[in-house]
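One file, structure-v3.csv, carrying CSV, N, CA and C atoms:
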```
chain,number,residue,atom,x,y,z
B,1346,MET,N,39.1,58.6,19.6
B,1346,MET,CA,40.0,58.6,20.8
B,1346,MET,C,40.5,57.2,21.0
B,1347,ASN,N,41.6,57.1,21.5
B,1347,ASN,CA,42.3,55.8,21.7
B,1347,ASN,C,41.6,55.1,22.9
B,1348,THR,N,41.4,53.7,22.7
B,1348,THR,CA,40.8,52.9,23.8
B,1348,THR,C,41.7,52.9,25.0
B,1349,ARG,N,43.0,52.9,24.8
B,1349,ARG,CA,43.9,52.9,26.0
B,1349,ARG,C,43.8,54.2,26.8
B,1350,SER,N,43.8,55.3,26.2
B,1350,SER,CA,43.7,56.6,26.9
B,1350,SER,C,42.3,56.7,27.5
B,1351,LYS,N,41.3,56.1,26.9
B,1351,LYS,CA,40.0,56.2,27.5
B,1351,LYS,C,40.0,55.4,28.8
B,1352,HIS,N,40.6,54.2,28.8
B,1352,HIS,CA,40.7,53.4,30.1
B,1352,HIS,C,41.5,54.1,31.1
B,1353,THR,N,42.6,54.8,30.7
B,1353,THR,CA,43.4,55.5,31.6
B,1353,THR,C,42.6,56.6,32.3
B,1354,LYS,N,41.8,57.3,31.6
B,1354,LYS,CA,41.0,58.4,32.1
B,1354,LYS,C,40.0,57.9,33.1
B,1355,VAL,N,39.4,56.7,32.7
B,1355,VAL,CA,38.4,56.1,33.6
B,1355,VAL,C,39.0,55.7,34.9
B,1356,LYS,N,40.2,55.0,34.8
B,1356,LYS,CA,40.9,54.6,36.0
B,1356,LYS,C,41.3,55.8,36.9
B,1357,ALA,N,41.8,56.9,36.3
B,1357,ALA,CA,42.2,58.0,37.0
B,1357,ALA,C,41.0,58.7,37.7
B,1358,ALA,N,39.8,58.7,37.1
B,1358,ALA,CA,38.6,59.3,37.7
B,1358,ALA,C,38.1,58.4,38.8
B,1359,LEU,N,38.2,57.0,38.6
B,1359,LEU,CA,37.8,56.1,39.7
B,1359,LEU,C,38.7,56.2,40.9
B,1360,ILE,N,40.0,56.4,40.7
B,1360,ILE,CA,40.9,56.5,41.8
B,1360,ILE,C,40.7,57.9,42.5
B,1361,ALA,N,40.4,58.9,41.8
B,1361,ALA,CA,40.1,60.2,42.4
B,1361,ALA,C,38.8,60.2,43.2
B,1362,THR,N,37.8,59.5,42.7
B,1362,THR,CA,36.5,59.3,43.4
B,1362,THR,C,36.7,58.5,44.7
B,1363,LEU,N,37.5,57.4,44.6
B,1363,LEU,CA,37.7,56.6,45.8
B,1363,LEU,C,38.5,57.4,46.9
B,1364,ALA,N,39.5,58.1,46.4
B,1364,ALA,CA,40.3,58.9,47.4
B,1364,ALA,C,39.4,60.0,48.1
B,1365,ALA,N,38.6,60.6,47.3
B,1365,ALA,CA,37.7,61.6,47.9
B,1365,ALA,C,36.7,61.0,48.9
B,1366,THR,N,36.2,59.9,48.5
B,1366,THR,CA,35.2,59.2,49.4
B,1366,THR,C,35.9,58.7,50.7
B,1367,LEU,N,37.1,58.2,50.5
B,1367,LEU,CA,37.9,57.8,51.7
B,1367,LEU,C,38.2,59.0,52.6
B,1368,GLY,N,38.5,60.1,52.0
B,1368,GLY,CA,38.8,61.3,52.8
B,1368,GLY,C,37.6,61.8,53.6
B,1369,LEU,N,36.4,61.8,52.9
B,1369,LEU,CA,35.2,62.2,53.6
B,1369,LEU,C,34.8,61.2,54.7
B,1370,LEU,N,35.0,59.9,54.5
B,1370,LEU,CA,34.7,59.0,55.6
B,1370,LEU,C,35.6,59.2,56.8
B,1371,ILE,N,36.9,59.5,56.6
B,1371,ILE,CA,37.8,59.8,57.7
B,1371,ILE,C,37.4,61.1,58.4
B,1372,LEU,N,36.9,62.1,57.7
B,1372,LEU,CA,36.5,63.3,58.3
B,1372,LEU,C,35.2,63.1,59.1
B,1373,ILE,N,34.3,62.3,58.6
B,1373,ILE,CA,33.0,62.1,59.3
B,1373,ILE,C,33.2,61.3,60.5
B,1374,ALA,N,34.1,60.3,60.5
B,1374,ALA,CA,34.3,59.4,61.6
B,1374,ALA,C,35.1,60.1,62.7
B,1375,GLY,N,35.9,61.1,62.4
B,1375,GLY,CA,36.6,61.8,63.4
B,1375,GLY,C,37.9,61.0,63.8
B,1376,PRO,N,38.6,61.5,64.8
B,1376,PRO,CA,39.8,60.9,65.2
B,1376,PRO,C,39.5,59.5,65.9
B,1377,PRO,N,40.4,58.6,65.7
B,1377,PRO,CA,40.1,57.3,66.4
B,1377,PRO,C,40.3,57.4,67.9
B,1378,VAL,N,39.5,56.8,68.7
B,1378,VAL,CA,39.6,56.8,70.2
B,1378,VAL,C,40.0,55.4,70.6
B,1379,CYS,N,41.2,55.4,71.3
B,1379,CYS,CA,41.6,54.1,71.7
B,1379,CYS,C,41.1,53.8,73.2
B,1380,ALA,N,41.2,52.6,73.6
B,1380,ALA,CA,40.7,52.3,75.0
B,1380,ALA,C,41.3,53.1,76.1
B,1381,ALA,N,42.6,53.4,75.9
B,1381,ALA,CA,43.3,54.2,77.0
B,1381,ALA,C,42.7,55.6,77.1
B,1382,GLN,N,42.4,56.2,75.9
B,1382,GLN,CA,41.8,57.5,75.9
B,1382,GLN,C,40.4,57.5,76.5
B,1383,ALA,N,39.6,56.5,76.2
B,1383,ALA,CA,38.3,56.4,76.7
B,1383,ALA,C,38.3,56.2,78.2
B,1384,LYS,N,39.3,55.4,78.7
B,1384,LYS,CA,39.4,55.2,80.1
B,1384,LYS,C,39.7,56.4,80.9
B,1385,HIS,N,40.6,57.3,80.3
B,1385,HIS,CA,41.0,58.5,81.0
B,1385,HIS,C,40.2,59.7,80.6
B,1386,ALA,N,39.0,59.5,80.0
B,1386,ALA,CA,38.1,60.6,79.7
B,1386,ALA,C,37.7,61.3,81.0
B,1387,LYS,N,37.5,62.6,80.8
B,1387,LYS,CA,37.2,63.4,82.0
B,1387,LYS,C,35.8,63.1,82.6
B,1388,ARG,N,35.8,62.7,83.8
B,1388,ARG,CA,34.5,62.4,84.5
B,1388,ARG,C,33.9,63.6,85.1
B,1389,ARG,N,32.6,63.5,85.2
B,1389,ARG,CA,31.9,64.6,85.9
B,1389,ARG,C,32.2,64.6,87.4
B,1390,THR,N,32.5,65.8,87.9
B,1390,THR,CA,32.8,65.9,89.4
B,1390,THR,C,31.7,66.7,90.1
B,1391,ILE,N,31.2,66.1,91.2
B,1391,ILE,CA,30.2,66.8,92.0
B,1391,ILE,C,30.9,67.1,93.4
B,1392,SER,N,30.9,68.4,93.7
B,1392,SER,CA,31.5,68.8,95.0
B,1392,SER,C,30.3,68.8,96.1
B,1393,VAL,N,30.6,68.2,97.2
B,1393,VAL,CA,29.6,68.1,98.3
B,1393,VAL,C,30.3,68.6,99.6
B,1394,THR,N,29.7,69.5,100.3
B,1394,THR,CA,30.2,69.9,101.6
B,1394,THR,C,29.1,69.7,102.6
B,1395,ILE,N,29.4,68.9,103.6
B,1395,ILE,CA,28.5,68.6,104.7
B,1395,ILE,C,29.1,69.0,106.0
B,1396,ASP,N,28.3,69.2,107.0
B,1396,ASP,CA,28.7,69.5,108.3
B,1396,ASP,C,28.9,68.2,109.1
B,1397,LYS,N,29.7,68.2,110.2
B,1397,LYS,CA,29.8,67.1,111.1
B,1397,LYS,C,28.5,66.7,111.6
B,1398,GLY,N,28.1,65.4,111.5
B,1398,GLY,CA,26.8,64.9,111.9
B,1398,GLY,C,25.7,65.0,110.9
B,1399,GLU,N,26.0,65.6,109.7
B,1399,GLU,CA,25.0,65.7,108.7
B,1399,GLU,C,25.1,64.5,107.7
B,1400,THR,N,24.0,64.2,107.0
B,1400,THR,CA,23.9,63.1,106.1
B,1400,THR,C,23.7,63.5,104.7
B,1401,TYR,N,24.3,62.9,103.7
B,1401,TYR,CA,24.1,63.1,102.3
B,1401,TYR,C,23.9,61.8,101.6
B,1402,VAL,N,22.9,61.7,100.8
B,1402,VAL,CA,22.5,60.4,100.1
B,1402,VAL,C,22.8,60.6,98.6
B,1403,ILE,N,23.5,59.6,98.1
B,1403,ILE,CA,23.8,59.6,96.6
B,1403,ILE,C,22.8,58.5,96.1
B,1404,GLU,N,21.9,58.9,95.3
B,1404,GLU,CA,20.9,57.9,94.7
B,1404,GLU,C,21.2,57.6,93.3
B,1405,GLY,N,20.5,56.5,92.8
B,1405,GLY,CA,20.7,56.1,91.4
B,1405,GLY,C,22.0,55.4,91.2
B,1406,VAL,N,22.5,54.7,92.2
B,1406,VAL,CA,23.8,54.0,92.1
B,1406,VAL,C,23.6,52.6,91.5
B,1407,ARG,N,24.5,52.1,90.7
B,1407,ARG,CA,24.4,50.8,90.2
B,1407,ARG,C,24.4,49.8,91.3
B,1408,GLU,N,23.5,48.9,91.4
B,1408,GLU,CA,23.4,47.9,92.5
B,1408,GLU,C,24.6,47.0,92.4
B,1409,GLY,N,25.2,46.7,93.5
B,1409,GLY,CA,26.4,45.8,93.6
B,1409,GLY,C,27.7,46.4,93.3
B,1410,ALA,N,27.7,47.7,92.8
B,1410,ALA,CA,29.0,48.4,92.5
B,1410,ALA,C,29.5,49.1,93.7
B,1411,ALA,N,30.6,48.8,94.2
B,1411,ALA,CA,31.2,49.4,95.3
B,1411,ALA,C,31.9,50.7,94.9
B,1412,PRO,N,31.8,51.8,95.7
B,1412,PRO,CA,32.5,53.0,95.3
B,1412,PRO,C,34.0,53.0,95.5
B,1413,GLY,N,34.7,53.6,94.6
B,1413,GLY,CA,36.1,53.8,94.8
B,1413,GLY,C,36.4,54.9,95.8
B,1414,ILE,N,37.1,54.7,96.8
B,1414,ILE,CA,37.3,55.7,97.9
B,1414,ILE,C,38.8,56.0,98.0
B,1415,LYS,N,39.0,57.3,98.0
B,1415,LYS,CA,40.4,57.8,98.3
B,1415,LYS,C,40.3,58.9,99.3
B,1416,VAL,N,41.0,58.7,100.4
B,1416,VAL,CA,41.0,59.7,101.5
B,1416,VAL,C,42.0,60.8,101.2
B,1417,ALA,N,41.5,62.1,101.1
B,1417,ALA,CA,42.4,63.2,100.9
B,1417,ALA,C,42.9,63.7,102.2
B,1418,ALA,N,42.1,63.8,103.2
B,1418,ALA,CA,42.5,64.3,104.5
B,1418,ALA,C,41.6,63.7,105.6
B,1419,ASN,N,42.2,63.1,106.6
B,1419,ASN,CA,41.5,62.6,107.8
B,1419,ASN,C,40.6,61.3,107.4
B,1420,PRO,N,41.2,60.2,107.6
B,1420,PRO,CA,40.4,58.9,107.3
B,1420,PRO,C,39.2,58.7,108.2
B,1421,ASN,N,39.1,59.5,109.3
B,1421,ASN,CA,37.9,59.4,110.2
B,1421,ASN,C,36.8,60.4,109.9
B,1422,ALA,N,36.9,61.1,108.7
B,1422,ALA,CA,36.0,62.2,108.4
B,1422,ALA,C,34.7,61.8,108.0
B,1423,LEU,N,34.5,60.6,107.4
B,1423,LEU,CA,33.3,60.2,106.8
B,1423,LEU,C,32.9,58.8,107.1
B,1424,VAL,N,31.7,58.5,107.2
B,1424,VAL,CA,31.2,57.1,107.4
B,1424,VAL,C,30.4,56.9,106.1
B,1425,VAL,N,30.7,55.8,105.4
B,1425,VAL,CA,30.1,55.5,104.1
B,1425,VAL,C,29.3,54.2,104.3
B,1426,ARG,N,28.0,54.3,104.0
B,1426,ARG,CA,27.1,53.1,104.1
B,1426,ARG,C,26.6,52.7,102.7
B,1427,THR,N,26.7,51.5,102.4
B,1427,THR,CA,26.3,51.0,101.0
B,1427,THR,C,25.3,49.9,101.1
B,1428,ASP,N,24.6,49.7,102.3
B,1428,ASP,CA,23.7,48.6,102.5
B,1428,ASP,C,22.4,48.7,101.8
B,1429,ALA,N,21.9,50.0,101.5
B,1429,ALA,CA,20.7,50.2,100.9
B,1429,ALA,C,20.9,50.0,99.4
B,1430,PRO,N,20.0,49.3,98.7
B,1430,PRO,CA,20.2,49.1,97.2
B,1430,PRO,C,20.0,50.4,96.5
B,1431,GLY,N,21.0,50.7,95.6
B,1431,GLY,CA,20.9,51.8,94.7
B,1431,GLY,C,21.2,53.1,95.4
B,1432,LYS,N,21.7,53.1,96.7
B,1432,LYS,CA,22.0,54.3,97.4
B,1432,LYS,C,23.3,54.2,98.1
B,1433,ILE,N,24.0,55.3,98.3
B,1433,ILE,CA,25.2,55.4,99.2
B,1433,ILE,C,24.9,56.5,100.1
B,1434,VAL,N,25.0,56.2,101.4
B,1434,VAL,CA,24.7,57.2,102.5
B,1434,VAL,C,26.1,57.6,103.1
B,1435,LEU,N,26.3,58.9,103.1
B,1435,LEU,CA,27.5,59.5,103.6
B,1435,LEU,C,27.1,60.3,104.9
B,1436,VAL,N,27.9,60.0,106.0
B,1436,VAL,CA,27.6,60.7,107.3
B,1436,VAL,C,28.9,61.4,107.7
B,1437,GLY,N,28.9,62.7,107.9
B,1437,GLY,CA,30.0,63.5,108.3
B,1437,GLY,C,30.4,63.1,109.8
B,1438,ALA,N,31.6,62.7,110.0
B,1438,ALA,CA,32.0,62.3,111.4
B,1438,ALA,C,33.0,63.3,112.0
B,1439,ASP,N,33.9,63.9,111.1
B,1439,ASP,CA,34.9,64.8,111.6
B,1439,ASP,C,35.4,65.6,110.4
B,1440,THR,N,36.2,66.7,110.7
B,1440,THR,CA,36.7,67.5,109.7
B,1440,THR,C,37.6,66.8,108.8
B,1441,GLY,N,37.5,66.9,107.4
B,1441,GLY,CA,38.3,66.2,106.5
B,1441,GLY,C,37.7,66.2,105.1
B,1442,SER,N,38.4,65.5,104.2
B,1442,SER,CA,37.8,65.4,102.8
B,1442,SER,C,38.2,64.1,102.2
B,1443,TRP,N,37.3,63.6,101.4
B,1443,TRP,CA,37.4,62.3,100.7
B,1443,TRP,C,37.0,62.5,99.2
B,1444,ASN,N,37.5,61.6,98.4
B,1444,ASN,CA,37.0,61.5,97.0
B,1444,ASN,C,36.5,60.1,96.7
B,1445,LEU,N,35.3,60.1,96.2
B,1445,LEU,CA,34.6,58.8,95.9
B,1445,LEU,C,34.3,58.8,94.4
B,1446,VAL,N,34.5,57.6,93.8
B,1446,VAL,CA,34.2,57.4,92.4
B,1446,VAL,C,33.0,56.4,92.4
B,1447,VAL,N,31.8,56.9,91.9
B,1447,VAL,CA,30.6,56.1,92.0
B,1447,VAL,C,30.1,55.8,90.6
B,1448,THR,N,29.7,54.5,90.4
B,1448,THR,CA,29.1,54.1,89.1
B,1448,THR,C,27.6,54.2,89.3
B,1449,LEU,N,27.0,55.1,88.4
B,1449,LEU,CA,25.5,55.2,88.5
B,1449,LEU,C,24.8,54.1,87.7
B,1450,ALA,N,23.5,54.0,87.9
B,1450,ALA,CA,22.7,52.9,87.2
B,1450,ALA,C,22.8,53.0,85.7
B,1451,THR,N,23.1,54.2,85.2
B,1451,THR,CA,23.2,54.5,83.8
B,1451,THR,C,24.6,54.0,83.2
B,1452,GLY,N,25.5,53.6,84.1
B,1452,GLY,CA,26.9,53.2,83.7
B,1452,GLY,C,27.9,54.3,83.8
B,1453,GLU,N,27.4,55.6,84.0
B,1453,GLU,CA,28.3,56.7,84.1
B,1453,GLU,C,29.1,56.7,85.4
B,1454,LYS,N,30.4,57.0,85.3
B,1454,LYS,CA,31.2,57.1,86.6
B,1454,LYS,C,31.3,58.5,86.9
B,1455,VAL,N,31.0,58.8,88.2
B,1455,VAL,CA,31.0,60.2,88.6
B,1455,VAL,C,31.9,60.3,89.9
B,1456,ASN,N,32.7,61.4,89.9
B,1456,ASN,CA,33.6,61.7,91.0
B,1456,ASN,C,32.8,62.6,92.0
B,1457,TYR,N,32.8,62.2,93.3
B,1457,TYR,CA,32.3,63.0,94.3
B,1457,TYR,C,33.4,63.5,95.2
B,1458,ALA,N,33.6,64.8,95.3
B,1458,ALA,CA,34.6,65.4,96.1
B,1458,ALA,C,33.9,65.9,97.4
B,1459,VAL,N,34.0,65.1,98.5
B,1459,VAL,CA,33.2,65.3,99.7
B,1459,VAL,C,34.1,66.0,100.8
B,1460,SER,N,33.7,67.1,101.3
B,1460,SER,CA,34.4,67.8,102.4
B,1460,SER,C,33.4,67.9,103.6
B,1461,VAL,N,34.0,67.5,104.7
B,1461,VAL,CA,33.2,67.6,106.0
B,1461,VAL,C,33.9,68.7,106.8
B,1462,ARG,N,33.0,69.5,107.3
B,1462,ARG,CA,33.5,70.6,108.2
B,1462,ARG,C,32.8,70.6,109.6
B,1463,ALA,N,33.6,71.0,110.5
B,1463,ALA,CA,33.0,71.1,111.9
B,1463,ALA,C,32.6,72.5,112.1
B,1464,LEU,N,31.5,72.7,112.7
B,1464,LEU,CA,30.9,74.0,112.9
B,1464,LEU,C,31.8,74.9,113.8
B,1465,ALA,N,32.4,74.3,114.8
B,1465,ALA,CA,33.3,75.0,115.7
B,1465,ALA,C,34.4,74.1,116.1
B,1466,PRO,N,35.6,74.7,116.4
B,1466,PRO,CA,36.7,73.9,116.9
B,1466,PRO,C,36.4,73.4,118.3
B,1467,PRO,N,36.9,72.2,118.6
B,1467,PRO,CA,36.7,71.7,120.0
B,1467,PRO,C,37.2,72.7,121.0
B,1468,GLN,N,36.5,72.8,122.1
B,1468,GLN,CA,36.9,73.7,123.2
B,1468,GLN,C,37.0,73.0,124.5
B,1469,GLY,N,38.0,73.4,125.2
B,1469,GLY,CA,38.2,72.7,126.5
B,1469,GLY,C,38.9,71.4,126.4
B,1470,SER,N,39.3,70.8,127.5
B,1470,SER,CA,40.0,69.5,127.4
B,1470,SER,C,39.1,68.5,127.9
B,1471,LEU,N,39.4,67.2,127.7
B,1471,LEU,CA,38.7,66.1,128.2
B,1471,LEU,C,39.2,65.6,129.6
B,1472,ALA,N,40.1,66.3,130.1
B,1472,ALA,CA,40.7,65.9,131.4
B,1472,ALA,C,39.6,66.2,132.5
B,1473,PRO,N,39.4,65.3,133.5
B,1473,PRO,CA,38.4,65.5,134.5
B,1473,PRO,C,38.8,66.7,135.4
B,1474,ALA,N,37.7,67.4,135.7
B,1474,ALA,CA,37.9,68.6,136.6
B,1474,ALA,C,37.9,68.1,138.0
B,1475,SER,N,38.3,69.0,138.9
B,1475,SER,CA,38.3,68.6,140.4
B,1475,SER,C,36.9,68.8,140.9
B,1476,ALA,N,36.6,68.0,141.9
B,1476,ALA,CA,35.2,68.0,142.5
B,1476,ALA,C,35.0,69.4,143.2
B,1477,PRO,N,33.8,69.9,143.2
B,1477,PRO,CA,33.6,71.1,144.0
B,1477,PRO,C,33.7,70.9,145.5
B,1478,THR,N,33.9,71.9,146.2
B,1478,THR,CA,34.1,71.8,147.7
B,1478,THR,C,32.7,71.4,148.3
B,1479,ALA,N,32.8,70.7,149.3
B,1479,ALA,CA,31.6,70.2,150.0
B,1479,ALA,C,30.9,71.4,150.7
B,1480,ILE,N,29.6,71.4,150.8
B,1480,ILE,CA,28.9,72.5,151.5
B,1480,ILE,C,28.7,71.9,153.0
B,1481,PRO,N,29.2,72.7,154.0
B,1481,PRO,CA,29.0,72.2,155.4
B,1481,PRO,C,27.6,72.3,155.9
```

Target format structure tokens, applied to this file:
Amino acid sequence: MNTRSKHTKVKAALIATLAATLGLLILIAGPPVCAAQAKHAKRRTISVTIDKGETYVIEGVREGAAPGIKVAANPNALVVRTDAPGKIVLVGADTGSWNLVVTLATGEKVNYAVSVRALAPPQGSLAPASAPTAIP
């Protein structure tokens, strides 16, 4: 056999092996994930419904991380307290809904969809009534 054809066959086999190895590495690694895709990855959402006057505590929060707050309806619906380390305390103040993005101690960002409901609609007016008649 000719030395030149032998070298050609070895080169062809080497190129085929390298191409197959590269293809397997690409399949194993999966599609590339850019920073923008990682940033917009779907977060876990926890729905919370509390009554007016009720308290809900989110524990395991990263210390020093302030929650991202977006009011969906009624900015007076919720009181958010972050003064306890590792906790966020939510107090229902009025009917409405808020969305909070909280960073947990593990580094995971979680969406909290908080709805506050009033047990009954307000009744009567706050206008002062007339004094009762005096008893003789």

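Proximity ranking of B:Val1393, B:Val1355, B:Val1434, B:Ala1417 relative to Tyr1457 in chain B places B:Val1393 first, based on all atoms listed in the file.
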
Quiz item: Got a sec: who's within 6 Å of Ala1458 in chain B, counting all atoms listed in the file, leaving out chain neighbours fewer than 6 positions off, as an MDAnalysis selection string?
Solution: chainID B and resid 1390:1393 1443:1445

Quiz item: In Å, how far is it from atom N of Thr1394 in chain B to atom N of Val1461 in chain B?
Solution: 6.5 Å

Self-check item: DSSP alpha helix (DSSP H) residues within chain B, as number ranges by chain
Solution: B: 1348-1374, 1380-1384

Practice problem: In Å, rounded to a single decimal, give me how far CA of Ile1414 in chain B is from CA of Asp1439 in chain B. | Solution: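 Interatomic distance here is 16.6 Å.
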
Quiz prompt | Backbone-only DSSP, strand (DSSP E) members of chain B, as a ChimeraX atom specification | solution = /B:1389-1396,1400-1404,1413-1418,1423-1426,1432-1437,1441-1448,1454-1462

Quiz prompt | Spatial neighbours of Arg1388 in chain B, 6 Å, all atoms listed in the file, chain gap at least 3 places, as a PyMOL selection string | solution = chain B and resi 1454-1456

Self-check item: Distance criterion (all atoms listed in the file): nearest to Leu1449 in chain B out of B:Lys1387, B:Arg1407, B:Lys1356, B:Lys1351
Solution: B:Arg1407
